[in-house]
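Dumped final_20.cif below, it's mmCIF, C-alpha atoms:
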```
data_work
#
loop_
_atom_site.label_atom_id
_atom_site.label_comp_id
_atom_site.auth_asym_id
_atom_site.auth_seq_id
_atom_site.Cartn_x
_atom_site.Cartn_y
_atom_site.Cartn_z
CA MET A 108 -56.66 16.55 42.33
CA PRO A 109 -53.44 16.92 44.35
CA ILE A 110 -53.03 13.12 44.23
CA CYS A 111 -53.31 13.14 40.42
CA HIS A 112 -50.72 15.91 40.12
CA SER A 113 -48.42 14.00 42.43
CA ASN A 114 -48.75 10.80 40.37
CA LEU A 115 -48.11 12.71 37.18
CA TYR A 116 -45.00 14.27 38.68
CA VAL A 117 -43.68 10.87 39.79
CA TYR A 118 -44.46 9.42 36.36
CA THR A 119 -42.66 12.28 34.63
CA ILE A 120 -39.57 11.86 36.82
CA ALA A 121 -39.58 8.12 36.19
CA MET A 122 -39.80 8.62 32.41
CA LYS A 123 -36.94 11.14 32.48
CA LYS A 124 -34.80 8.68 34.41
CA PHE A 125 -35.73 5.91 31.98
CA PHE A 126 -34.68 7.96 28.94
CA ILE A 127 -31.46 9.05 30.67
CA TYR A 128 -30.56 5.46 31.50
CA PHE A 129 -31.58 4.30 28.03
CA PHE A 130 -29.43 7.04 26.45
CA LEU A 131 -26.50 6.03 28.64
CA LEU A 132 -27.03 2.41 27.64
CA LEU A 133 -26.89 3.39 23.97
CA ILE A 134 -23.65 5.26 24.59
CA LEU A 135 -22.18 2.20 26.34
CA ILE A 136 -23.24 -0.03 23.44
CA SER A 137 -21.67 2.40 20.96
CA VAL A 138 -18.42 2.44 22.94
CA PHE A 139 -18.45 -1.36 23.14
CA VAL A 140 -18.97 -1.65 19.38
CA LYS A 141 -16.23 0.87 18.63
CA PHE A 142 -13.59 -0.64 20.87
CA THR A 143 -14.55 -4.32 20.75
CA PHE A 144 -16.57 -5.28 17.69
CA ASP A 145 -14.82 -3.06 15.13
CA PRO A 146 -11.29 -4.36 15.87
CA PHE A 147 -12.62 -7.95 15.86
CA ALA A 148 -14.38 -7.44 12.51
CA LYS A 149 -11.26 -5.80 11.05
CA SER A 150 -9.05 -8.70 12.13
CA PHE A 151 -11.60 -11.26 10.91
CA LEU A 152 -11.78 -9.65 7.45
CA GLU A 153 -8.01 -9.33 7.11
CA LYS A 154 -7.53 -12.99 8.02
CA ASN A 155 -10.22 -14.35 5.68
CA LEU A 156 -9.39 -12.07 2.74
CA THR A 157 -5.73 -13.08 3.03
CA LYS A 158 -6.76 -16.73 3.01
CA ASP A 159 -9.12 -16.36 0.03
CA SER A 160 -6.85 -14.20 -2.13
CA GLY A 161 -3.54 -15.88 -1.32
CA ARG A 162 -2.03 -12.41 -0.75
CA SER A 163 -1.45 -10.44 2.43
CA VAL A 164 -4.43 -8.11 3.06
CA THR A 165 -4.46 -5.13 5.44
CA ILE A 166 -7.26 -2.74 6.42
CA GLN A 167 -6.53 0.69 7.83
CA SER A 168 -9.84 1.15 9.64
CA LEU A 169 -13.31 -0.34 9.98
CA SER A 170 -16.23 1.57 11.47
CA THR A 171 -19.74 0.30 12.17
CA ASN A 172 -22.89 2.10 13.26
CA PHE A 173 -25.61 -0.32 14.36
CA PHE A 174 -28.11 2.51 14.84
CA THR A 175 -28.04 3.34 11.12
CA GLY A 176 -26.78 -0.04 9.89
CA SER A 177 -23.85 1.56 8.07
CA ILE A 178 -20.36 0.10 7.73
CA SER A 179 -17.32 1.93 6.41
CA ILE A 180 -13.98 0.27 5.56
CA GLU A 181 -11.04 2.47 4.62
CA ASN A 182 -7.84 1.80 2.71
CA VAL A 183 -7.89 -1.92 1.94
CA GLN A 184 -4.52 -3.04 0.56
CA ILE A 185 -3.74 -6.38 -1.08
CA LYS A 186 0.02 -6.81 -1.23
CA ASN A 187 1.94 -7.61 -4.40
CA ASP A 188 4.48 -10.37 -4.86
CA LYS A 189 7.94 -9.26 -3.72
CA MET A 190 9.37 -9.72 -7.24
CA PHE A 191 7.42 -6.65 -8.39
CA SER A 192 8.54 -3.09 -7.68
CA ARG A 193 5.17 -1.79 -6.47
CA GLU A 194 4.14 -2.83 -2.98
CA ASN A 195 0.38 -3.21 -3.51
CA LEU A 196 -1.44 -5.27 -6.09
CA ILE A 197 -4.85 -3.79 -5.24
CA THR A 198 -5.82 -0.71 -3.23
CA VAL A 199 -9.41 0.16 -2.31
CA PRO A 200 -9.76 3.62 -0.70
CA LEU A 201 -13.28 3.05 0.62
CA ILE A 202 -15.95 0.38 0.97
CA LYS A 203 -19.42 1.37 2.18
CA ALA A 204 -22.23 -0.98 3.10
CA LYS A 205 -25.75 -0.88 4.53
CA LEU A 206 -26.62 -3.61 7.00
CA LYS A 207 -30.05 -5.13 7.68
CA ILE A 208 -29.92 -5.06 11.48
CA SER A 209 -33.03 -7.18 12.04
CA GLU A 210 -31.48 -10.20 10.30
CA LEU A 211 -28.53 -10.35 12.69
CA PHE A 212 -30.82 -12.35 15.00
CA TYR A 213 -30.99 -15.06 12.30
CA LYS A 214 -27.20 -15.63 12.53
CA LYS A 215 -26.69 -14.12 9.08
CA ILE A 216 -25.09 -10.85 8.01
CA HIS A 217 -27.38 -9.37 5.38
CA PHE A 218 -26.28 -6.28 3.44
CA ALA A 219 -28.88 -4.30 1.53
CA ASN A 220 -26.09 -2.85 -0.62
CA MET A 221 -22.32 -2.51 -0.79
CA LEU A 222 -20.17 -0.04 -2.72
CA ILE A 223 -16.52 -0.75 -3.53
CA ASN A 224 -15.29 2.71 -4.42
CA ASN A 225 -12.55 3.29 -7.00
CA PRO A 226 -10.27 0.26 -6.58
CA THR A 227 -6.83 0.58 -8.20
CA ILE A 228 -4.87 -2.40 -9.52
CA ASN A 229 -1.12 -2.35 -10.18
CA TYR A 230 -0.44 -4.76 -13.03
CA ASP A 231 3.33 -5.33 -13.33
CA VAL A 232 5.34 -7.25 -15.91
CA VAL A 233 8.96 -8.25 -15.27
CA ILE A 234 11.57 -10.49 -16.86
CA GLN A 235 12.98 -13.02 -14.40
CA ASN A 236 15.34 -15.84 -15.35
CA GLY A 237 14.57 -15.24 -18.99
CA LYS A 238 10.80 -15.48 -18.49
CA MET A 239 8.09 -12.83 -18.60
CA ILE A 240 6.15 -12.83 -15.33
CA ASP A 241 3.19 -10.58 -14.49
CA SER A 242 0.96 -9.82 -11.52
CA PHE A 243 -1.85 -12.11 -12.64
CA TYR A 244 0.44 -14.63 -14.39
CA LEU A 245 -1.34 -13.89 -17.67
CA VAL A 246 1.69 -13.93 -19.97
CA GLU A 247 2.93 -17.22 -18.58
CA ASN A 248 -0.52 -18.75 -18.89
CA LEU A 249 -0.96 -17.58 -22.45
CA SER A 250 2.39 -19.06 -23.44
CA LYS A 251 1.44 -22.40 -21.88
CA ASN A 252 -2.09 -22.52 -23.32
CA ASN A 253 -3.61 -21.70 -19.93
CA SER A 254 -1.99 -24.70 -18.23
CA ASN A 255 -0.99 -22.70 -15.20
CA LYS A 256 -2.88 -24.08 -12.18
CA GLN A 257 -3.81 -20.76 -10.62
CA TYR A 258 -5.18 -19.33 -13.85
CA SER A 259 -7.00 -22.54 -14.67
CA ASN A 260 -8.60 -22.54 -11.23
CA GLN A 261 -9.87 -19.02 -11.85
CA GLN A 262 -11.37 -20.03 -15.21
CA ASN A 263 -12.85 -23.22 -13.81
CA THR A 264 -14.40 -21.34 -10.91
CA THR A 265 -16.32 -19.05 -13.25
CA ALA A 266 -17.50 -22.03 -15.27
CA LYS A 267 -18.59 -24.18 -12.32
CA SER A 268 -22.17 -25.33 -12.16
CA GLU A 269 -24.73 -24.57 -9.47
CA THR A 270 -23.98 -27.96 -7.95
CA THR A 271 -20.37 -27.03 -7.31
CA THR A 272 -21.43 -23.68 -5.89
CA ASP A 273 -23.85 -25.40 -3.53
CA ALA A 274 -21.04 -27.72 -2.44
CA LYS A 275 -18.92 -24.71 -1.57
CA GLN A 276 -21.75 -23.27 0.44
CA THR A 277 -22.28 -26.56 2.28
CA ASN A 278 -18.59 -26.71 3.23
CA ASN A 279 -18.63 -23.12 4.43
CA LYS A 280 -19.74 -23.97 7.97
CA GLY A 281 -16.62 -22.51 9.54
CA ASN A 282 -17.36 -19.03 8.22
CA ILE A 283 -20.03 -16.46 8.99
CA ASP A 284 -23.01 -16.60 6.62
CA PHE A 285 -23.53 -13.40 4.65
CA VAL A 286 -25.35 -12.10 1.60
CA ILE A 287 -25.24 -8.81 -0.31
CA ASP A 288 -28.39 -7.85 -2.19
CA ARG A 289 -26.54 -5.46 -4.51
CA LEU A 290 -22.79 -5.04 -5.01
CA ASP A 291 -21.60 -2.02 -7.02
CA ILE A 292 -18.11 -1.28 -8.35
CA PRO A 293 -18.42 2.04 -10.24
CA GLN A 294 -14.97 1.84 -11.85
CA ILE A 295 -11.73 -0.12 -11.67
CA ASP A 296 -8.49 1.63 -12.59
CA VAL A 297 -5.59 -0.52 -13.77
CA SER A 298 -2.05 0.83 -13.83
CA ILE A 299 0.18 -1.25 -16.14
CA LEU A 300 3.95 -1.09 -15.71
CA ALA A 301 6.60 -3.07 -17.62
CA LYS A 302 9.90 -1.52 -16.63
CA ASP A 303 11.99 -3.89 -18.73
CA PHE A 304 10.10 -2.74 -21.84
CA GLU A 305 9.93 0.90 -20.74
CA PHE A 306 6.17 0.65 -21.03
CA SER A 307 3.36 2.03 -18.87
CA LYS A 308 -0.33 2.59 -19.44
CA ASN A 309 -3.50 3.29 -17.45
CA ILE A 310 -6.81 1.68 -18.38
CA SER A 311 -10.24 1.61 -16.74
CA LEU A 312 -13.04 -0.91 -16.56
CA ASP A 313 -16.66 0.21 -16.64
CA LYS A 314 -19.13 -0.17 -13.81
CA MET A 315 -19.86 -3.68 -12.56
CA THR A 316 -23.00 -4.59 -10.63
CA PHE A 317 -23.77 -7.96 -9.04
CA GLN A 318 -26.95 -9.16 -7.35
CA ASN A 319 -27.40 -11.60 -4.47
CA VAL A 320 -23.71 -12.16 -3.64
CA GLY A 321 -22.72 -14.23 -0.61
CA ASN A 322 -21.99 -17.68 0.76
CA VAL A 323 -25.50 -18.84 1.62
CA LYS A 324 -27.73 -21.20 -0.29
CA ASN A 325 -29.12 -19.88 -3.61
CA SER A 326 -26.74 -16.90 -3.62
CA ASN A 327 -24.08 -16.17 -6.21
CA HIS A 328 -21.01 -17.37 -4.33
CA TYR A 329 -18.65 -14.52 -3.58
CA LYS A 330 -15.62 -16.51 -4.79
CA ASP A 331 -17.28 -16.96 -8.18
CA VAL A 332 -17.96 -13.22 -8.31
CA MET A 333 -14.34 -12.47 -7.40
CA SER A 334 -13.21 -14.77 -10.21
CA MET A 335 -15.55 -13.05 -12.68
CA ILE A 336 -14.06 -9.66 -11.76
CA VAL A 337 -10.50 -11.00 -12.17
CA MET A 338 -11.38 -12.54 -15.54
CA ASN A 339 -12.91 -9.26 -16.77
CA ILE A 340 -9.68 -7.50 -15.80
CA ALA A 341 -7.61 -10.23 -17.47
CA VAL A 342 -9.54 -9.96 -20.74
CA LYS A 343 -9.23 -6.17 -20.74
CA ILE A 344 -5.47 -6.32 -20.11
CA ASN A 345 -5.01 -9.06 -22.70
CA ASN A 346 -6.99 -7.23 -25.40
CA GLU A 347 -5.62 -3.73 -24.83
CA VAL A 348 -2.09 -4.36 -23.61
CA ILE A 349 -0.55 -7.81 -23.95
CA THR A 350 -1.54 -8.58 -27.55
CA SER A 351 -1.00 -5.06 -28.87
CA ASN A 352 1.02 -2.37 -27.10
CA LEU A 353 3.18 -4.59 -24.94
CA LYS A 354 3.81 -6.95 -27.83
CA LYS A 355 5.15 -4.09 -29.96
CA LYS A 356 7.39 -2.95 -27.13
CA PHE A 357 8.60 -6.52 -26.74
CA GLU A 358 9.40 -6.80 -30.42
CA ALA A 359 11.24 -3.48 -30.42
CA LYS A 360 13.26 -4.58 -27.40
CA VAL A 361 14.16 -7.91 -29.02
CA LYS A 362 15.13 -6.26 -32.32
CA ASN A 363 17.34 -3.83 -30.45
CA LEU A 364 19.07 -6.69 -28.65
CA LEU A 365 19.46 -8.68 -31.84
CA SER A 366 21.13 -5.78 -33.56
CA SER A 367 24.38 -6.35 -31.66
CA ASP A 368 27.18 -7.86 -33.75
CA LYS A 369 27.90 -10.45 -31.08
CA LEU A 370 24.40 -11.89 -31.24
CA LYS A 371 24.31 -11.74 -35.04
CA SER A 372 27.30 -14.04 -35.16
CA ILE A 373 25.40 -16.54 -33.04
CA ILE A 374 21.82 -16.47 -34.37
CA GLY A 375 22.19 -14.87 -37.78
CA THR A 376 21.17 -11.54 -39.28
CA ASP A 377 17.39 -11.97 -39.50
CA PRO A 378 15.74 -10.86 -36.20
CA ASP A 379 12.22 -11.41 -37.59
CA LYS A 380 12.71 -15.19 -37.55
CA VAL A 381 13.66 -15.04 -33.89
CA ILE A 382 10.69 -12.81 -33.07
CA LYS A 383 8.28 -15.23 -34.76
CA LYS A 384 9.53 -17.97 -32.46
CA LEU A 385 9.06 -15.72 -29.42
CA GLU A 386 5.57 -14.60 -30.49
CA LYS A 387 4.17 -17.71 -28.81
CA LEU A 388 4.30 -15.70 -25.59
CA PHE A 389 1.48 -13.52 -26.88
CA LYS A 390 -0.78 -16.19 -28.39
#
```
With the file now loaded, output its structure as structure tokens.
Amino acid sequence: MPICHSNLYVYTIAMKKFFIYFFLLLILISVFVKFTFDPFAKSFLEKNLTKDSGRSVTIQSLSTNFFTGSISIENVQIKNDKMFSRENLITVPLIKAKLKISELFYKKIHFANMLINNPTINYDVVIQNGKMIDSFYLVENLSKNNSNKQYSNQQNTTAKSETTTDAKQTNNKGNIDFVIDRLDIPQIDVSILAKDFEFSKNISLDKMTFQNVGNVKNSNHYKDVMSMIVMNIAVKINNEVITSNLKKKFEAKVKNLLSSDKLKSIIGTDPDKVIKKLEKLFK
């Protein structure tokens, strides 16, 4: 009996030591992730998002928890073109995601879900060198029958076939493979500002949900999904702002300018004829 008690005591001490060492190992892993992996992931995302969007992208903080599989990204900012008064084109206060830890061993980042919470878009319109220019180049594209290369690329991307998408995925070897089972965007707020027309308006887009988003085979390529989101925003802005409210402001501004005696002597006394010629901007 004394021998059994002695063995049990030794076993108990050994188990306590094991759990202490294991707990310390978990702490060390957590510290490593916090101070090594998180900064690397933050830098990686900033670099690739900047490359994909063509705009400078910054992230305030990125936090991962491999014990729960949760990822939190705070204050994502996509910078605006310098010609516009507002610094950011897009601001996302928070992105939350749930990671499938077991699939990391298959060299693929697999998210069970991702939530992009309350993104805000600053849509600006300015007059530069006699031309109307906006954040998404919508006005210019409309006036040129969508001949603008950037806008056309966005439209073509959404209309590409599965073959083209597969080609993208095949050429994606330099990037990390990832897939998101469910991507939710509860609401997108758009702040429209046209200082030259003394016009501003806020609009919102309803919830968007996408399934199987990523860059792996048989997924909906994330670039196509990005283009779909941009096109939804473009249609909303075009329908509710460019072809209605902003057009009226534009006409009022032109009529006010054409009312000066100096201009009347040059172009005549009928401003409506001039406006009809300029209406091509909104068609």
Next on the checklist: Give me, as a ChimeraX atom specification, all polymer residues having an atom no more than 7 Å from Ser177 (chain A), counting only C-alpha atoms and skipping those fewer than 2 positions away in the same chain.
Outcome noted: /A:171-173,175,179,204-206
Can you write out the residues you just picked, keeping C-alpha atoms, as a PDB file, in the frame of the given file?
```
ATOM      1  CA  THR A 171     -19.740   0.300  12.170  1.00  0.00           C
ATOM      2  CA  ASN A 172     -22.890   2.100  13.260  1.00  0.00           C
ATOM      3  CA  PHE A 173     -25.610  -0.320  14.360  1.00  0.00           C
ATOM      4  CA  THR A 175     -28.040   3.340  11.120  1.00  0.00           C
ATOM      5  CA  SER A 179     -17.320   1.930   6.410  1.00  0.00           C
ATOM      6  CA  ALA A 204     -22.230  -0.980   3.100  1.00  0.00           C
ATOM      7  CA  LYS A 205     -25.750  -0.880   4.530  1.00  0.00           C
ATOM      8  CA  LEU A 206     -26.620  -3.610   7.000  1.00  0.00           C
TER       9      LEU A 206
END
```
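Reported to one decimal place, the separation of CA of Ile295 (chain A) from CA of Ile336 (chain A) is 9.8 Å.
For the pair CA of Phe151 (chain A) and CA of Ala219 (chain A), the separation is 20.9 Å.
Atom pair CA of Leu156 (chain A) / CA of Asn319 (chain A): separated by 19.4 Å.
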Checklist entry - Taking (-0.9, -3.8, -10.0) in the file's coordinates as the center, which residues reach within 12 Å of it, counting only C-alpha atoms, put as a PyMOL selection string? => result chain A and resi 184-188+191-198+226-232+241-244+295-301+307-310+340-341+344
Checklist entry - Which residue out of A:Val348, A:Met190, A:Leu131, A:Met315 has the minimum interatomic distance to Val332 (chain A) when all atoms listed in the file are used? => result A:Met315
